[in-house]
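Heads up, the thing below is written out as structure tokens.
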Amino acid sequence: MIHRRALALLSLAALAAFIPFKSGAQAFPTKPIRIIIPYAPGGTTDIVGRRMGQRLSEVLGQPVVVENRAGGNTAIGVDVVAKAPADGHTLLFTNDATFVGNPALYPTLPYNMQRDLVPVAPVTYVALALAINASVPAKDLNELVAYIKTQKSLGYGSFGAGSQPHIMGEMFKKIAGVDLVHVPYKGAGPATADVMGGQILFTFPAFPTIMGQLNSGKLRLLAVSGDKRVPAAPQVPTMTEAGFKDMDMGAWYAFFAPAGTPRDVVMKLNATVASILADRDFVEKNMTSQGMVPMSGTPEQMNTMIKVDIERMVQMVKRSGAKVE
């Protein structure tokens, strides 16, 4: 849930500013790179991670293999990367539920981001949308609230306890004065599928997850996070415009490597990611048209942002009343 002012600072960082490398980094990579995604296929983390993996392969000249290791509120995927050789050939690509939401919500975790991993590069900030099945008789958030009050035993989906959709859903319940069951999934893809199937009422996917469903008319969006409407759905109001300002949360996505990865390798990866995000055609096709904002920054800036966001998320958790289930 990166703060917009900080996001602007990171986004304005010189995307193509390369760091001089030592000889070890010049030889890197020497074998295929593995990207671990701690979510099920079909969600935004998976989609963006695979797009970045393809470009990394093209730029670095080595195959990139993407593996989904979902479960344990992303702990399974984190563990795979933490135990991998610290040589830069195994990376974690995840969103801030892993490195902000979970630390803010859980008193203890099976992983420690500061101990087990090192930041490599931020990639993008993503707007989230409240999505319902198109058959639900609600055209805006107020109509959704009225509909919920006539029903029983409805649920909403998140991509795990501590994720942005979990906090947003609990905040929605508090603002609207309604009761809904939180249903955690192993990714936005399965949660969205269950919205379309009628098993849950709504979820909060990012646009890369739902572009196909929007085009087919199977989903209806009632509001999006962020300061501006999303070009892919300009008719959908922001959370603030819809009168639900306190639900305004997005997500940011980033690469991490095992702790102990050489600094020069980390910085070569950081600069490579920055060079990909400096490609305007790639960014327009894969990000900005779908409500995503490219980011850039050093590993040190990432660490600072993570600390700030954890403090802010702790306050959001308290206000929403979200609890570990």
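Chain lettering (A, B, ...) mirrors the order of the structure tokens, residue numbering begins at 1 for each chain separately, and ligand numbering begins at 1 in order of display.
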Worksheet entry | Picked from region 110-271 of chain A by DSSP as helix (DSSP H, G or I), as a VMD selection string | chain A and resid 113 to 116 141 to 148 164 to 176 188 to 197 207 to 216 245 to 247 263 to 271
Output for the residues just chosen: C-alpha atoms as a PDB file, in the first residue's frame:
ATOM      1  CA  MET A 113      12.186 -10.447   5.234  1.00  0.00           C
ATOM      2  CA  GLN A 114      15.198  -8.655   6.721  1.00  0.00           C
ATOM      3  CA  ARG A 115      16.908 -11.903   7.712  1.00  0.00           C
ATOM      4  CA  ASP A 116      16.002 -14.199   4.822  1.00  0.00           C
ATOM      5  CA  LEU A 141     -21.264   0.717  -4.044  1.00  0.00           C
ATOM      6  CA  ASN A 142     -24.362   2.137  -2.401  1.00  0.00           C
ATOM      7  CA  GLU A 143     -26.563  -0.279  -4.331  1.00  0.00           C
ATOM      8  CA  LEU A 144     -24.194  -3.093  -3.337  1.00  0.00           C
ATOM      9  CA  VAL A 145     -24.605  -2.199   0.338  1.00  0.00           C
ATOM     10  CA  ALA A 146     -28.399  -2.170  -0.052  1.00  0.00           C
ATOM     11  CA  TYR A 147     -28.286  -5.559  -1.794  1.00  0.00           C
ATOM     12  CA  ILE A 148     -26.098  -7.115   0.926  1.00  0.00           C
ATOM     13  CA  GLN A 164      -4.881  -5.628   0.578  1.00  0.00           C
ATOM     14  CA  PRO A 165      -8.260  -7.204  -0.370  1.00  0.00           C
ATOM     15  CA  HIS A 166      -8.542  -8.581   3.163  1.00  0.00           C
ATOM     16  CA  ILE A 167      -8.046  -5.136   4.721  1.00  0.00           C
ATOM     17  CA  MET A 168     -10.256  -3.480   2.094  1.00  0.00           C
ATOM     18  CA  GLY A 169     -13.022  -6.010   2.643  1.00  0.00           C
ATOM     19  CA  GLU A 170     -12.982  -5.513   6.404  1.00  0.00           C
ATOM     20  CA  MET A 171     -12.980  -1.748   5.908  1.00  0.00           C
ATOM     21  CA  PHE A 172     -15.973  -2.088   3.566  1.00  0.00           C
ATOM     22  CA  LYS A 173     -17.849  -4.038   6.241  1.00  0.00           C
ATOM     23  CA  LYS A 174     -17.101  -1.363   8.830  1.00  0.00           C
ATOM     24  CA  ILE A 175     -18.082   1.577   6.600  1.00  0.00           C
ATOM     25  CA  ALA A 176     -21.224  -0.097   5.237  1.00  0.00           C
ATOM     26  CA  ALA A 188      -6.469 -13.298  -7.161  1.00  0.00           C
ATOM     27  CA  GLY A 189      -7.114 -15.736 -10.017  1.00  0.00           C
ATOM     28  CA  PRO A 190      -9.020 -18.322  -7.915  1.00  0.00           C
ATOM     29  CA  ALA A 191     -10.860 -15.555  -6.016  1.00  0.00           C
ATOM     30  CA  THR A 192     -12.002 -13.938  -9.257  1.00  0.00           C
ATOM     31  CA  ALA A 193     -13.092 -17.316 -10.627  1.00  0.00           C
ATOM     32  CA  ASP A 194     -15.327 -17.812  -7.590  1.00  0.00           C
ATOM     33  CA  VAL A 195     -16.872 -14.357  -8.053  1.00  0.00           C
ATOM     34  CA  MET A 196     -17.807 -15.375 -11.584  1.00  0.00           C
ATOM     35  CA  GLY A 197     -19.076 -18.709 -10.293  1.00  0.00           C
ATOM     36  CA  PHE A 207      -6.713  -5.161 -13.910  1.00  0.00           C
ATOM     37  CA  PRO A 208      -4.261  -7.646 -15.459  1.00  0.00           C
ATOM     38  CA  THR A 209      -6.221 -10.421 -13.721  1.00  0.00           C
ATOM     39  CA  ILE A 210      -9.605  -9.431 -15.130  1.00  0.00           C
ATOM     40  CA  MET A 211      -9.157  -7.909 -18.583  1.00  0.00           C
ATOM     41  CA  GLY A 212     -10.615 -10.968 -20.335  1.00  0.00           C
ATOM     42  CA  GLN A 213     -13.609 -11.161 -18.003  1.00  0.00           C
ATOM     43  CA  LEU A 214     -14.325  -7.451 -18.417  1.00  0.00           C
ATOM     44  CA  ASN A 215     -14.307  -7.745 -22.179  1.00  0.00           C
ATOM     45  CA  SER A 216     -16.724 -10.684 -21.987  1.00  0.00           C
ATOM     46  CA  LYS A 245     -12.147   6.828   0.683  1.00  0.00           C
ATOM     47  CA  ASP A 246     -10.919   4.644   3.549  1.00  0.00           C
ATOM     48  CA  MET A 247     -10.904   1.620   1.230  1.00  0.00           C
ATOM     49  CA  ARG A 263      25.825  -6.644  -3.892  1.00  0.00           C
ATOM     50  CA  ASP A 264      27.106  -6.302  -7.456  1.00  0.00           C
ATOM     51  CA  VAL A 265      24.745  -9.034  -8.658  1.00  0.00           C
ATOM     52  CA  VAL A 266      21.815  -7.378  -6.883  1.00  0.00           C
ATOM     53  CA  MET A 267      22.659  -4.042  -8.497  1.00  0.00           C
ATOM     54  CA  LYS A 268      22.996  -5.587 -11.958  1.00  0.00           C
ATOM     55  CA  LEU A 269      19.528  -7.069 -11.557  1.00  0.00           C
ATOM     56  CA  ASN A 270      18.229  -3.747 -10.226  1.00  0.00           C
ATOM     57  CA  ALA A 271      19.600  -1.857 -13.229  1.00  0.00           C
TER      58      ALA A 271
END
Compile a residue-level contact table for region 195-296 of chain A against region 77-97 of chain A at a cut-off of 6 Å, reporting for every qualifying residue the shortest atom pair and its distance in Å to one decimal, with only C-alpha atoms counted, rows ordered by chain and ascending number, as a tab-separated table.
residue	atom	partner	partner_atom	distance
A:Trp252	CA	A:Asn95	CA	5.5
A:Tyr253	CA	A:Asn95	CA	4.2
A:Ala254	CA	A:Phe93	CA	5.7
A:Phe255	CA	A:Phe93	CA	4.6
A:Phe256	CA	A:Leu92	CA	5.0
A:Ala257	CA	A:Leu91	CA	4.9
A:Pro258	CA	A:Ala82	CA	4.9
A:Gly260	CA	A:Ala86	CA	5.6
A:Thr261	CA	A:Ala86	CA	4.4
Worksheet entry | strand (DSSP E) per DSSP on the backbone: members of region 140-253 of chain A, as a list of chain:residue names |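 After running DSSP on the backbone, region 140-253 of chain A has strand (DSSP E) at A:Gly155, A:Tyr156, A:Gly157, A:Ser158, A:Val181, A:His182, A:Val183, A:Pro184, A:Phe202, A:Thr203, A:Leu219, A:Arg220, A:Leu221, A:Leu222, A:Ala223, A:Val224, A:Ala251, A:Trp252, A:Tyr253.
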How would the residues just chosen look if you wrote them out with N, CA and C atoms as a CSV table (one decimal), in the first residue's frame?
chain,number,residue,atom,x,y,z
A,155,GLY,N,-20.1,-13.8,1.2
A,155,GLY,CA,-18.7,-13.7,1.5
A,155,GLY,C,-17.9,-12.9,0.4
A,156,TYR,N,-16.8,-12.4,0.8
A,156,TYR,CA,-15.9,-11.7,-0.2
A,156,TYR,C,-14.5,-12.4,-0.1
A,157,GLY,N,-13.8,-12.3,-1.2
A,157,GLY,CA,-12.5,-13.0,-1.3
A,157,GLY,C,-11.3,-12.1,-1.3
A,158,SER,N,-10.2,-12.7,-0.8
A,158,SER,CA,-9.0,-12.0,-0.8
A,158,SER,C,-7.9,-12.9,-1.3
A,181,VAL,N,-18.5,-12.8,5.2
A,181,VAL,CA,-17.5,-13.7,5.6
A,181,VAL,C,-16.2,-13.5,4.7
A,182,HIS,N,-15.1,-13.4,5.3
A,182,HIS,CA,-13.8,-13.3,4.6
A,182,HIS,C,-13.4,-14.7,4.1
A,183,VAL,N,-13.1,-14.9,2.8
A,183,VAL,CA,-12.7,-16.1,2.3
A,183,VAL,C,-11.3,-15.9,1.6
A,184,PRO,N,-10.2,-16.4,2.3
A,184,PRO,CA,-8.9,-16.2,1.7
A,184,PRO,C,-8.6,-17.2,0.6
A,202,PHE,N,-17.8,-10.6,-3.9
A,202,PHE,CA,-16.9,-9.8,-4.6
A,202,PHE,C,-15.5,-10.0,-4.2
A,203,THR,N,-14.5,-9.5,-4.9
A,203,THR,CA,-13.1,-9.5,-4.5
A,203,THR,C,-12.5,-8.2,-5.1
A,219,LEU,N,-17.9,-9.7,-15.5
A,219,LEU,CA,-17.7,-9.0,-14.2
A,219,LEU,C,-18.2,-7.6,-14.4
A,220,ARG,N,-18.5,-7.0,-13.2
A,220,ARG,CA,-18.8,-5.6,-13.2
A,220,ARG,C,-18.0,-4.9,-12.1
A,221,LEU,N,-17.3,-3.8,-12.4
A,221,LEU,CA,-16.5,-3.1,-11.5
A,221,LEU,C,-17.3,-1.9,-10.9
A,222,LEU,N,-17.2,-1.8,-9.6
A,222,LEU,CA,-18.0,-0.7,-8.9
A,222,LEU,C,-17.1,0.4,-8.5
A,223,ALA,N,-15.8,0.2,-8.3
A,223,ALA,CA,-14.9,1.3,-7.9
A,223,ALA,C,-13.4,0.8,-8.0
A,224,VAL,N,-12.5,1.7,-8.2
A,224,VAL,CA,-11.1,1.4,-8.3
A,224,VAL,C,-10.3,2.2,-7.3
A,251,ALA,N,-1.5,-1.9,-4.5
A,251,ALA,CA,-0.5,-2.9,-4.2
A,251,ALA,C,0.8,-2.6,-5.0
A,252,TRP,N,1.9,-2.9,-4.4
A,252,TRP,CA,3.1,-2.7,-5.2
A,252,TRP,C,3.9,-4.1,-5.2
A,253,TYR,N,4.6,-4.3,-6.3
A,253,TYR,CA,5.2,-5.5,-6.6
A,253,TYR,C,6.7,-5.4,-6.8
Worksheet item: Between CA of Pro231 (chain A) and CA of Gly291 (chain A), what is the spacing in Å?
Response: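 Those two atoms sit 6.7 Å apart.
When only C-alpha atoms are used to compute distances to Arg55 (chain A), the closest of the residues A:Glu300, A:Glu284, A:Asp279, A:Glu67 turns out to be A:Asp279.
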Worksheet item: Which one of A:Asn73, A:Gln199, A:Thr124, A:Thr298 sits closest to Ser153 (chain A) if you count only C-alpha atoms?
Response: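 Ranking A:Asn73, A:Gln199, A:Thr124, A:Thr298 by distance to Ser153 (chain A), first place goes to A:Gln199.
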Discussion item. Between CA of Val48 (chain A) and CA of Ala232 (chain A), what distance in Å does the model show, to one decimal?
Written reply: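 That distance, rounded to one decimal, is 16.5 Å.
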Fill in: Counting only C-alpha atoms, the option among A:Asn68, A:Ser296, A:Thr44, A:Gln290 closest to Val273 (chain A)
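Distance minimum relative to Val273 (chain A) lands on A:Ser296.
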